[in-house]
$ cat structure.cif   # mmCIF, C-alpha atoms and all ligand atoms
data_protein
#
loop_
_atom_site.group_PDB
_atom_site.id
_atom_site.type_symbol
_atom_site.label_atom_id
_atom_site.label_comp_id
_atom_site.auth_asym_id
_atom_site.auth_seq_id
_atom_site.Cartn_x
_atom_site.Cartn_y
_atom_site.Cartn_z
ATOM 1 C CA MET A 1 6.439 9.890 -12.534
ATOM 2 C CA THR A 2 2.969 9.870 -11.026
ATOM 3 C CA ALA A 3 3.036 9.754 -7.262
ATOM 4 C CA VAL A 4 0.361 7.579 -5.642
ATOM 5 C CA ALA A 5 -0.778 9.043 -2.329
ATOM 6 C CA PRO A 6 0.317 6.669 0.428
ATOM 7 C CA ILE A 7 -2.513 5.527 2.689
ATOM 8 C CA VAL A 8 -0.252 3.598 5.080
ATOM 9 C CA VAL A 9 3.339 4.501 5.931
ATOM 10 C CA MET A 10 4.979 2.521 8.739
ATOM 11 C CA GLU A 11 8.580 3.102 9.748
ATOM 12 C CA LYS A 12 10.536 0.677 11.943
ATOM 13 C CA ILE A 13 7.427 -0.450 13.814
ATOM 14 C CA ARG A 14 8.081 -2.666 16.828
ATOM 15 C CA ARG A 15 5.523 -4.216 19.148
ATOM 16 C CA VAL A 16 6.740 -5.822 22.335
ATOM 17 C CA TYR A 17 4.260 -7.574 24.622
ATOM 18 C CA LYS A 18 5.330 -7.518 28.260
ATOM 19 C CA MET A 19 4.520 -10.745 30.110
ATOM 20 C CA GLY A 20 5.704 -10.175 33.678
ATOM 21 C CA PRO A 21 9.480 -10.574 33.589
ATOM 22 C CA THR A 22 9.555 -11.803 29.979
ATOM 23 C CA GLN A 23 8.927 -9.959 26.748
ATOM 24 C CA VAL A 24 7.600 -11.121 23.402
ATOM 25 C CA GLU A 25 8.867 -9.119 20.467
ATOM 26 C CA ALA A 26 5.948 -9.745 18.097
ATOM 27 C CA LEU A 27 7.051 -7.207 15.469
ATOM 28 C CA LYS A 28 10.734 -6.459 14.974
ATOM 29 C CA GLY A 29 10.962 -3.322 12.874
ATOM 30 C CA ILE A 30 8.286 -3.357 10.179
ATOM 31 C CA ASP A 31 8.503 -0.953 7.238
ATOM 32 C CA LEU A 32 5.282 -0.905 5.239
ATOM 33 C CA GLU A 33 3.895 1.372 2.584
ATOM 34 C CA ILE A 34 0.486 0.934 0.954
ATOM 35 C CA GLY A 35 -0.537 3.303 -1.823
ATOM 36 C CA GLU A 36 -4.041 4.520 -2.574
ATOM 37 C CA GLY A 37 -5.972 1.896 -4.549
ATOM 38 C CA GLU A 38 -3.568 -0.980 -3.804
ATOM 39 C CA TYR A 39 -4.714 -4.485 -2.884
ATOM 40 C CA VAL A 40 -2.159 -6.072 -0.543
ATOM 41 C CA ALA A 41 -2.221 -9.491 1.140
ATOM 42 C CA ILE A 42 -0.150 -10.496 4.169
ATOM 43 C CA MET A 43 0.676 -14.172 4.640
ATOM 44 C CA GLY A 44 2.675 -15.913 7.320
ATOM 45 C CA PRO A 45 2.683 -18.866 9.685
ATOM 46 C CA SER A 46 0.819 -18.955 12.979
ATOM 47 C CA GLY A 47 2.452 -16.671 15.535
ATOM 48 C CA SER A 48 4.398 -14.663 12.948
ATOM 49 C CA GLY A 49 2.749 -11.358 13.893
ATOM 50 C CA LYS A 50 -0.053 -10.970 11.313
ATOM 51 C CA SER A 51 -2.830 -10.080 13.742
ATOM 52 C CA THR A 52 -0.511 -7.846 15.748
ATOM 53 C CA LEU A 53 0.302 -5.955 12.565
ATOM 54 C CA LEU A 54 -3.341 -5.749 11.466
ATOM 55 C CA HIS A 55 -4.307 -4.369 14.874
ATOM 56 C CA LEU A 56 -1.653 -1.671 14.547
ATOM 57 C CA VAL A 57 -2.621 -0.767 10.979
ATOM 58 C CA GLY A 58 -6.254 -0.738 12.163
ATOM 59 C CA CYS A 59 -5.512 1.661 15.054
ATOM 60 C CA LEU A 60 -6.725 -0.914 17.593
ATOM 61 C CA ASP A 61 -3.296 -0.884 19.244
ATOM 62 C CA ARG A 62 -0.201 1.332 19.447
ATOM 63 C CA PRO A 63 3.378 0.399 18.517
ATOM 64 C CA THR A 64 6.058 0.102 21.193
ATOM 65 C CA SER A 65 8.291 2.162 18.915
ATOM 66 C CA GLY A 66 8.354 3.403 15.344
ATOM 67 C CA ARG A 67 6.080 5.756 13.466
ATOM 68 C CA TYR A 68 2.796 5.208 11.672
ATOM 69 C CA PHE A 69 1.120 7.638 9.276
ATOM 70 C CA LEU A 70 -2.432 6.864 8.121
ATOM 71 C CA ALA A 71 -3.653 8.956 5.172
ATOM 72 C CA GLY A 72 -1.008 11.544 5.993
ATOM 73 C CA GLN A 73 -1.714 11.809 9.721
ATOM 74 C CA GLU A 74 0.654 10.472 12.369
ATOM 75 C CA VAL A 75 -1.382 8.095 14.499
ATOM 76 C CA SER A 76 1.333 6.303 16.523
ATOM 77 C CA THR A 77 0.967 8.698 19.457
ATOM 78 C CA LEU A 78 -2.808 9.278 19.646
ATOM 79 C CA THR A 79 -5.008 8.595 22.695
ATOM 80 C CA ASP A 80 -7.616 5.803 22.747
ATOM 81 C CA ASP A 81 -10.453 8.256 21.998
ATOM 82 C CA GLU A 82 -8.554 9.782 19.114
ATOM 83 C CA LEU A 83 -7.828 6.312 17.724
ATOM 84 C CA ALA A 84 -11.527 5.363 17.991
ATOM 85 C CA HIS A 85 -12.399 8.460 15.994
ATOM 86 C CA ILE A 86 -9.793 7.643 13.317
ATOM 87 C CA ARG A 87 -11.098 4.063 13.087
ATOM 88 C CA ASN A 88 -14.619 5.320 12.504
ATOM 89 C CA GLN A 89 -13.578 7.895 9.904
ATOM 90 C CA LYS A 90 -10.794 6.199 7.982
ATOM 91 C CA LEU A 91 -11.008 2.430 8.395
ATOM 92 C CA GLY A 92 -13.382 -0.403 7.596
ATOM 93 C CA PHE A 93 -13.008 -3.849 9.186
ATOM 94 C CA VAL A 94 -14.119 -7.264 7.953
ATOM 95 C CA PHE A 95 -13.572 -10.286 10.200
ATOM 96 C CA GLN A 96 -13.690 -14.028 9.705
ATOM 97 C CA SER A 97 -16.787 -14.324 11.907
ATOM 98 C CA PHE A 98 -18.788 -11.356 10.530
ATOM 99 C CA HIS A 99 -19.425 -9.628 13.925
ATOM 100 C CA LEU A 100 -22.978 -8.529 13.072
ATOM 101 C CA LEU A 101 -25.605 -7.513 15.633
ATOM 102 C CA PRO A 102 -28.001 -10.514 15.638
ATOM 103 C CA ARG A 103 -31.274 -8.733 16.435
ATOM 104 C CA MET A 104 -30.880 -5.997 13.850
ATOM 105 C CA SER A 105 -31.670 -5.942 10.146
ATOM 106 C CA ALA A 106 -28.947 -5.717 7.512
ATOM 107 C CA LEU A 107 -29.812 -2.026 7.111
ATOM 108 C CA ARG A 108 -29.499 -1.302 10.854
ATOM 109 C CA ASN A 109 -26.216 -3.195 11.030
ATOM 110 C CA VAL A 110 -24.764 -1.105 8.222
ATOM 111 C CA GLU A 111 -26.070 2.090 9.836
ATOM 112 C CA GLN A 112 -24.024 1.510 13.011
ATOM 113 C CA PRO A 113 -20.820 3.381 12.009
ATOM 114 C CA LEU A 114 -22.987 6.300 10.864
ATOM 115 C CA ILE A 115 -24.790 6.421 14.215
ATOM 116 C CA TYR A 116 -21.391 6.696 15.894
ATOM 117 C CA ALA A 117 -20.488 9.464 13.412
ATOM 118 C CA ARG A 118 -23.771 11.271 14.273
ATOM 119 C CA VAL A 119 -25.125 11.240 10.734
ATOM 120 C CA PRO A 120 -28.848 12.197 10.751
ATOM 121 C CA ALA A 121 -31.345 9.309 10.444
ATOM 122 C CA GLY A 122 -32.605 9.932 6.898
ATOM 123 C CA GLU A 123 -29.157 10.293 5.376
ATOM 124 C CA ARG A 124 -28.003 7.315 7.421
ATOM 125 C CA ARG A 125 -30.640 5.011 5.963
ATOM 126 C CA ARG A 126 -29.988 6.282 2.451
ATOM 127 C CA ARG A 127 -26.232 5.698 2.735
ATOM 128 C CA ALA A 128 -26.664 2.286 4.392
ATOM 129 C CA ALA A 129 -29.042 1.157 1.623
ATOM 130 C CA GLU A 130 -26.564 2.433 -0.978
ATOM 131 C CA ALA A 131 -23.706 0.479 0.652
ATOM 132 C CA LEU A 132 -25.861 -2.677 0.663
ATOM 133 C CA GLU A 133 -26.581 -2.135 -3.037
ATOM 134 C CA ARG A 134 -22.830 -1.906 -3.693
ATOM 135 C CA VAL A 135 -22.452 -5.434 -2.295
ATOM 136 C CA HIS A 136 -25.497 -6.618 -4.290
ATOM 137 C CA LEU A 137 -27.799 -6.941 -1.278
ATOM 138 C CA GLY A 138 -30.329 -4.271 -2.193
ATOM 139 C CA HIS A 139 -33.031 -6.976 -1.978
ATOM 140 C CA ARG A 140 -32.154 -8.004 1.604
ATOM 141 C CA LEU A 141 -32.287 -4.717 3.555
ATOM 142 C CA HIS A 142 -34.720 -5.953 6.209
ATOM 143 C CA HIS A 143 -33.350 -9.441 6.768
ATOM 144 C CA LYS A 144 -31.694 -10.200 10.111
ATOM 145 C CA PRO A 145 -28.359 -12.088 10.145
ATOM 146 C CA ASN A 146 -30.030 -15.461 10.876
ATOM 147 C CA GLU A 147 -32.261 -14.905 7.832
ATOM 148 C CA LEU A 148 -29.204 -14.537 5.579
ATOM 149 C CA SER A 149 -26.697 -17.043 4.136
ATOM 150 C CA GLY A 150 -23.059 -16.994 5.286
ATOM 151 C CA GLY A 151 -21.921 -15.189 2.164
ATOM 152 C CA GLU A 152 -24.744 -12.648 2.508
ATOM 153 C CA ARG A 153 -23.761 -12.035 6.146
ATOM 154 C CA GLN A 154 -20.199 -11.345 5.092
ATOM 155 C CA ARG A 155 -21.494 -8.968 2.416
ATOM 156 C CA VAL A 156 -23.464 -7.078 5.096
ATOM 157 C CA ALA A 157 -20.215 -6.819 7.080
ATOM 158 C CA ILE A 158 -18.426 -5.496 3.973
ATOM 159 C CA ALA A 159 -21.200 -2.918 3.404
ATOM 160 C CA ARG A 160 -20.814 -1.824 7.036
ATOM 161 C CA ALA A 161 -17.047 -1.528 6.530
ATOM 162 C CA LEU A 162 -17.557 0.639 3.429
ATOM 163 C CA VAL A 163 -20.418 2.867 4.549
ATOM 164 C CA ASN A 164 -18.202 5.624 5.951
ATOM 165 C CA GLY A 165 -16.098 5.793 2.797
ATOM 166 C CA PRO A 166 -12.923 4.555 4.540
ATOM 167 C CA ALA A 167 -9.423 5.223 3.210
ATOM 168 C CA LEU A 168 -8.570 1.565 3.862
ATOM 169 C CA LEU A 169 -10.486 -1.708 4.076
ATOM 170 C CA LEU A 170 -8.899 -4.258 6.457
ATOM 171 C CA ALA A 171 -9.848 -7.920 6.310
ATOM 172 C CA ASP A 172 -8.691 -10.715 8.632
ATOM 173 C CA GLU A 173 -9.341 -14.125 6.988
ATOM 174 C CA PRO A 174 -12.598 -12.861 5.403
ATOM 175 C CA THR A 175 -13.338 -16.226 3.750
ATOM 176 C CA GLY A 176 -12.259 -18.366 6.715
ATOM 177 C CA ASN A 177 -15.820 -19.295 7.714
ATOM 178 C CA LEU A 178 -17.203 -19.765 4.216
ATOM 179 C CA ASP A 179 -17.311 -22.746 1.869
ATOM 180 C CA THR A 180 -15.177 -22.528 -1.281
ATOM 181 C CA ALA A 181 -17.920 -21.292 -3.622
ATOM 182 C CA THR A 182 -19.173 -18.640 -1.196
ATOM 183 C CA GLY A 183 -15.606 -17.594 -0.413
ATOM 184 C CA GLU A 184 -15.080 -17.159 -4.146
ATOM 185 C CA GLU A 185 -18.087 -14.796 -4.303
ATOM 186 C CA ILE A 186 -16.606 -12.682 -1.520
ATOM 187 C CA LEU A 187 -13.211 -12.597 -3.264
ATOM 188 C CA ALA A 188 -14.936 -11.554 -6.504
ATOM 189 C CA LEU A 189 -16.559 -8.722 -4.556
ATOM 190 C CA PHE A 190 -13.142 -7.646 -3.204
ATOM 191 C CA ASP A 191 -11.810 -7.698 -6.791
ATOM 192 C CA GLU A 192 -14.711 -5.497 -7.859
ATOM 193 C CA LEU A 193 -14.212 -3.052 -4.971
ATOM 194 C CA HIS A 194 -10.512 -2.899 -5.789
ATOM 195 C CA ARG A 195 -11.249 -2.161 -9.469
ATOM 196 C CA LYS A 196 -13.493 0.686 -8.320
ATOM 197 C CA GLY A 197 -10.692 2.200 -6.229
ATOM 198 C CA THR A 198 -10.948 0.741 -2.701
ATOM 199 C CA THR A 199 -7.589 0.221 -0.957
ATOM 200 C CA ILE A 200 -7.513 -3.245 0.652
ATOM 201 C CA LEU A 201 -5.226 -4.963 3.160
ATOM 202 C CA LEU A 202 -6.071 -8.614 3.737
ATOM 203 C CA ILE A 203 -4.607 -11.267 6.019
ATOM 204 C CA THR A 204 -4.840 -14.902 5.056
ATOM 205 C CA HIS A 205 -3.375 -18.355 5.493
ATOM 206 C CA ASP A 206 -4.706 -19.384 2.093
ATOM 207 C CA PRO A 207 -2.402 -18.925 -0.941
ATOM 208 C CA GLU A 208 -5.463 -19.017 -3.232
ATOM 209 C CA VAL A 209 -6.873 -15.980 -1.407
ATOM 210 C CA ALA A 210 -3.530 -14.134 -1.378
ATOM 211 C CA ARG A 211 -3.180 -14.759 -5.112
ATOM 212 C CA ARG A 212 -6.017 -12.286 -5.750
ATOM 213 C CA ALA A 213 -3.996 -9.372 -4.360
ATOM 214 C CA GLN A 214 -1.607 -7.202 -6.373
ATOM 215 C CA ARG A 215 1.130 -7.613 -3.837
ATOM 216 C CA VAL A 216 1.798 -10.376 -1.309
ATOM 217 C CA LEU A 217 3.901 -9.695 1.791
ATOM 218 C CA ARG A 218 5.269 -12.598 3.776
ATOM 219 C CA ILE A 219 5.903 -12.202 7.477
ATOM 220 C CA ARG A 220 7.952 -14.563 9.635
ATOM 221 C CA ASP A 221 8.990 -14.078 13.268
ATOM 222 C CA GLY A 222 7.822 -10.464 13.250
ATOM 223 C CA ALA A 223 9.604 -9.315 10.100
ATOM 224 C CA PHE A 224 8.860 -9.303 6.364
ATOM 225 C CA VAL A 225 10.863 -11.884 4.458
ATOM 226 C CA GLN A 226 10.250 -11.177 0.796
ATOM 227 C CA GLU A 227 8.065 -9.122 -1.460
ATOM 228 C CA GLU A 228 6.458 -10.199 -4.724
ATOM 229 C CA GLU A 229 5.144 -7.737 -7.281
ATOM 230 C CA ARG A 230 2.689 -9.123 -9.793
HETATM 231 N N1 LIG B 301 -1.613 -9.968 23.927
HETATM 232 C C1 LIG B 301 -0.469 -10.651 23.804
HETATM 233 N N2 LIG B 301 0.365 -10.786 24.850
HETATM 234 C C2 LIG B 301 1.523 -11.460 24.721
HETATM 235 N N3 LIG B 301 1.957 -12.035 23.581
HETATM 236 C C3 LIG B 301 1.166 -11.937 22.507
HETATM 237 C C4 LIG B 301 -0.091 -11.239 22.552
HETATM 238 N N4 LIG B 301 -0.653 -11.300 21.324
HETATM 239 C C5 LIG B 301 0.208 -12.005 20.551
HETATM 240 N N5 LIG B 301 1.300 -12.391 21.248
HETATM 241 C C6 LIG B 301 2.470 -13.135 20.729
HETATM 242 O O1 LIG B 301 2.994 -12.389 19.628
HETATM 243 C C7 LIG B 301 3.330 -13.242 18.543
HETATM 244 C C8 LIG B 301 2.527 -12.841 17.288
HETATM 245 O O2 LIG B 301 1.149 -13.110 17.513
HETATM 246 P P1 LIG B 301 0.007 -12.819 16.423
HETATM 247 O O3 LIG B 301 -1.308 -13.018 17.082
HETATM 248 O O4 LIG B 301 0.261 -11.491 15.826
HETATM 249 O O5 LIG B 301 0.288 -13.971 15.348
HETATM 250 P P2 LIG B 301 -0.502 -14.363 14.011
HETATM 251 O O6 LIG B 301 0.483 -14.297 12.903
HETATM 252 O O7 LIG B 301 -1.726 -13.562 13.888
HETATM 253 O O8 LIG B 301 -0.885 -15.890 14.260
HETATM 254 P P3 LIG B 301 -2.203 -16.745 13.793
HETATM 255 O O9 LIG B 301 -1.999 -17.076 12.354
HETATM 256 O O10 LIG B 301 -2.110 -17.964 14.655
HETATM 257 O O11 LIG B 301 -3.411 -15.914 14.045
HETATM 258 C C9 LIG B 301 3.054 -14.664 19.011
HETATM 259 O O12 LIG B 301 4.274 -15.183 19.473
HETATM 260 C C10 LIG B 301 2.078 -14.496 20.158
HETATM 261 O O13 LIG B 301 2.233 -15.507 21.098
HETATM 262 MG MG MG B 302 -3.812 -14.019 13.954
#
$ encode --input "structure.cif" --output "structure tokens"
Amino acid sequence: MTAVAPIVVMEKIRRVYKMGPTQVEALKGIDLEIGEGEYVAIMGPSGSGKSTLLHLVGCLDRPTSGRYFLAGQEVSTLTDDELAHIRNQKLGFVFQSFHLLPRMSALRNVEQPLIYARVPAGERRRRAAEALERVHLGHRLHHKPNELSGGERQRVAIARALVNGPALLLADEPTGNLDTATGEEILALFDELHRKGTTILLITHDPEVARRAQRVLRIRDGAFVQEEER
């Protein structure tokens, strides 16, 4: 049997939000394992805990209880600074609304995680240009976001997410702000990245988007309800 290195291992993860005297148990004991190179989609109704879970997987938040190992390292107990470092080194994020810096070129936007990681300027530009080529935007390095189409903007965001060579790419409704044809282009790019070895976790409301993943997890009231292998 060939063992696939697990990128994500979550054990009995709970997240309780305290609201004065009341508590909201947003996640009620999540067990999740994602292997290297997997493409996993999470679906679920509004309020089921998808964003809460993505924030935990993305080290933007800490669980109330349970353990989380990311690429072999326990991250459930780290400080905010340590989590910020892990996010920069091991994770790439793609959001519905792109989150690009409006006054900067595509190249400068993609360089941002490398600036944080203190990569020297020359290498930074080389790696940012390479990442933009991977998303087929080698001809748009010096365009600012408002000089790019919606799909091109999302591809800049994907290049930025990939530039540090993350262990895991996280996407929250990445086609939510795009028309069907442009959304299809972005999904084709995810397929291509997956074929080339990128591990992807995606959240979506759209069954057509989830269909592209290898594995679809359904969450309801803070717990997984069923698992489909395809
Ligand atoms: N910061 C918070 N404080 C208190 N309760 C919260 C907080 N964030 C989320 N919740 C509650 O936790 C539950 C899960 O919320 P979450 O945002 O994870 O849902 P979701 O599945 O992402 O929904 P949507 O599809 O609408 O984005 C909801 O009942 C929500 O009201
Ligand atoms: Mg949400």
$ residues_around --input "structure.cif" --residues "Thr64 in chain A" --least-positions-apart "3" --cutoff "10 Å" --atoms "all atoms listed in the file" --output "PDB file with C-alpha atoms, keeping the file's coordinate frame"
ATOM      1  CA  ILE A  13       7.427  -0.450  13.814  1.00  0.00           C
ATOM      2  CA  ARG A  14       8.081  -2.666  16.828  1.00  0.00           C
ATOM      3  CA  ARG A  15       5.523  -4.216  19.148  1.00  0.00           C
ATOM      4  CA  VAL A  16       6.740  -5.822  22.335  1.00  0.00           C
ATOM      5  CA  TYR A  17       4.260  -7.574  24.622  1.00  0.00           C
ATOM      6  CA  GLU A  25       8.867  -9.119  20.467  1.00  0.00           C
ATOM      7  CA  LEU A  27       7.051  -7.207  15.469  1.00  0.00           C
ATOM      8  CA  ASP A  61      -3.296  -0.884  19.244  1.00  0.00           C
ATOM      9  CA  ARG A  67       6.080   5.756  13.466  1.00  0.00           C
ATOM     10  CA  SER A  76       1.333   6.303  16.523  1.00  0.00           C
TER      11      SER A  76
END
$ closest_residue --input "structure.cif" --among "A:Glu152, A:Asp80, A:Asp191, A:Asp172" --to "ligand MG 302 (chain B)" --atoms "all atoms listed in the file"
A:Asp172
$ residues_near_ligand --input "structure.cif" --ligand "ligand LIG 301 (chain B)" --cutoff "10 Å" --atoms "all atoms listed in the file" --output "VMD selection string"
chain A and resid 15 to 20 22 to 27 42 to 55 172 to 173 203 to 205 219 to 222
$ residues_around --input "structure.cif" --residues "Gln73 in chain A" --least-positions-apart "5" --cutoff "10 Å" --atoms "only C-alpha atoms" --output "list in words"
Ile7, Val8, Val9, Tyr68 and Ile86 of chain A
$ closest_residue --input "structure.cif" --among "A:Ala41, A:Val119, A:Ala71, A:Ala129" --to "Leu107 in chain A" --atoms "all atoms listed in the file"
A:Ala129
$ closest_residue --input "structure.cif" --among "A:Phe190, A:Phe98, A:Tyr116, A:Phe69" --to "Asn146 in chain A" --atoms "only C-alpha atoms"
A:Phe98
$ closest_residue --input "structure.cif" --among "A:Ala171, A:Leu178, A:Ala213, A:Val156" --to "ligand MG 302 (chain B)" --atoms "all atoms listed in the file"
A:Ala171
$ atom_distance --input "structure.cif" --atom1 "CA of Ser105 in chain A" --atom2 "CA of Arg124 in chain A"
14.0 Å
$ closest_residue --input "structure.cif" --among "A:Gly183, A:Gly66, A:Gly58, A:Pro6" --to "Lys28 in chain A" --atoms "all atoms listed in the file"
A:Gly66
$ atom_distance --input "structure.cif" --atom1 "CA of His99 in chain A" --atom2 "CA of Asn177 in chain A"
12.0 Å
$ resolve_selection --input "structure.cif" --expression "the PyMOL selection byres (((chain A and resi 162-164) around 12) and not hetatm)" --output "ChimeraX atom specification"
/A:85-94,107-119,123-135,155-161,165-171,190,193,197-200
$ closest_residue --input "structure.cif" --among "A:Ala210, A:Leu201, A:Leu70, A:Leu60" --to "Val40 in chain A" --atoms "only C-alpha atoms"
A:Leu201
$ atom_distance --input "structure.cif" --atom1 "CA of Glu185 in chain A" --atom2 "CA of Arg212 in chain A"
12.4 Å
$ resolve_selection --input "structure.cif" --expression "the PyMOL selection byres (((chain A and resi 31) around 9) and not hetatm)" --output "VMD selection string"
chain A and resid 9 to 13 29 to 30 32 to 33 223 to 224
$ axis_aligned_box --input "structure.cif" --around "range 210-227 of chain A" --padding-each-side "3 Å" --output "JSON"
{"center_x": 2.4, "center_y": -11.0, "center_z": 3.4, "size_x": 22.9, "size_y": 13.6, "size_z": 25.6}
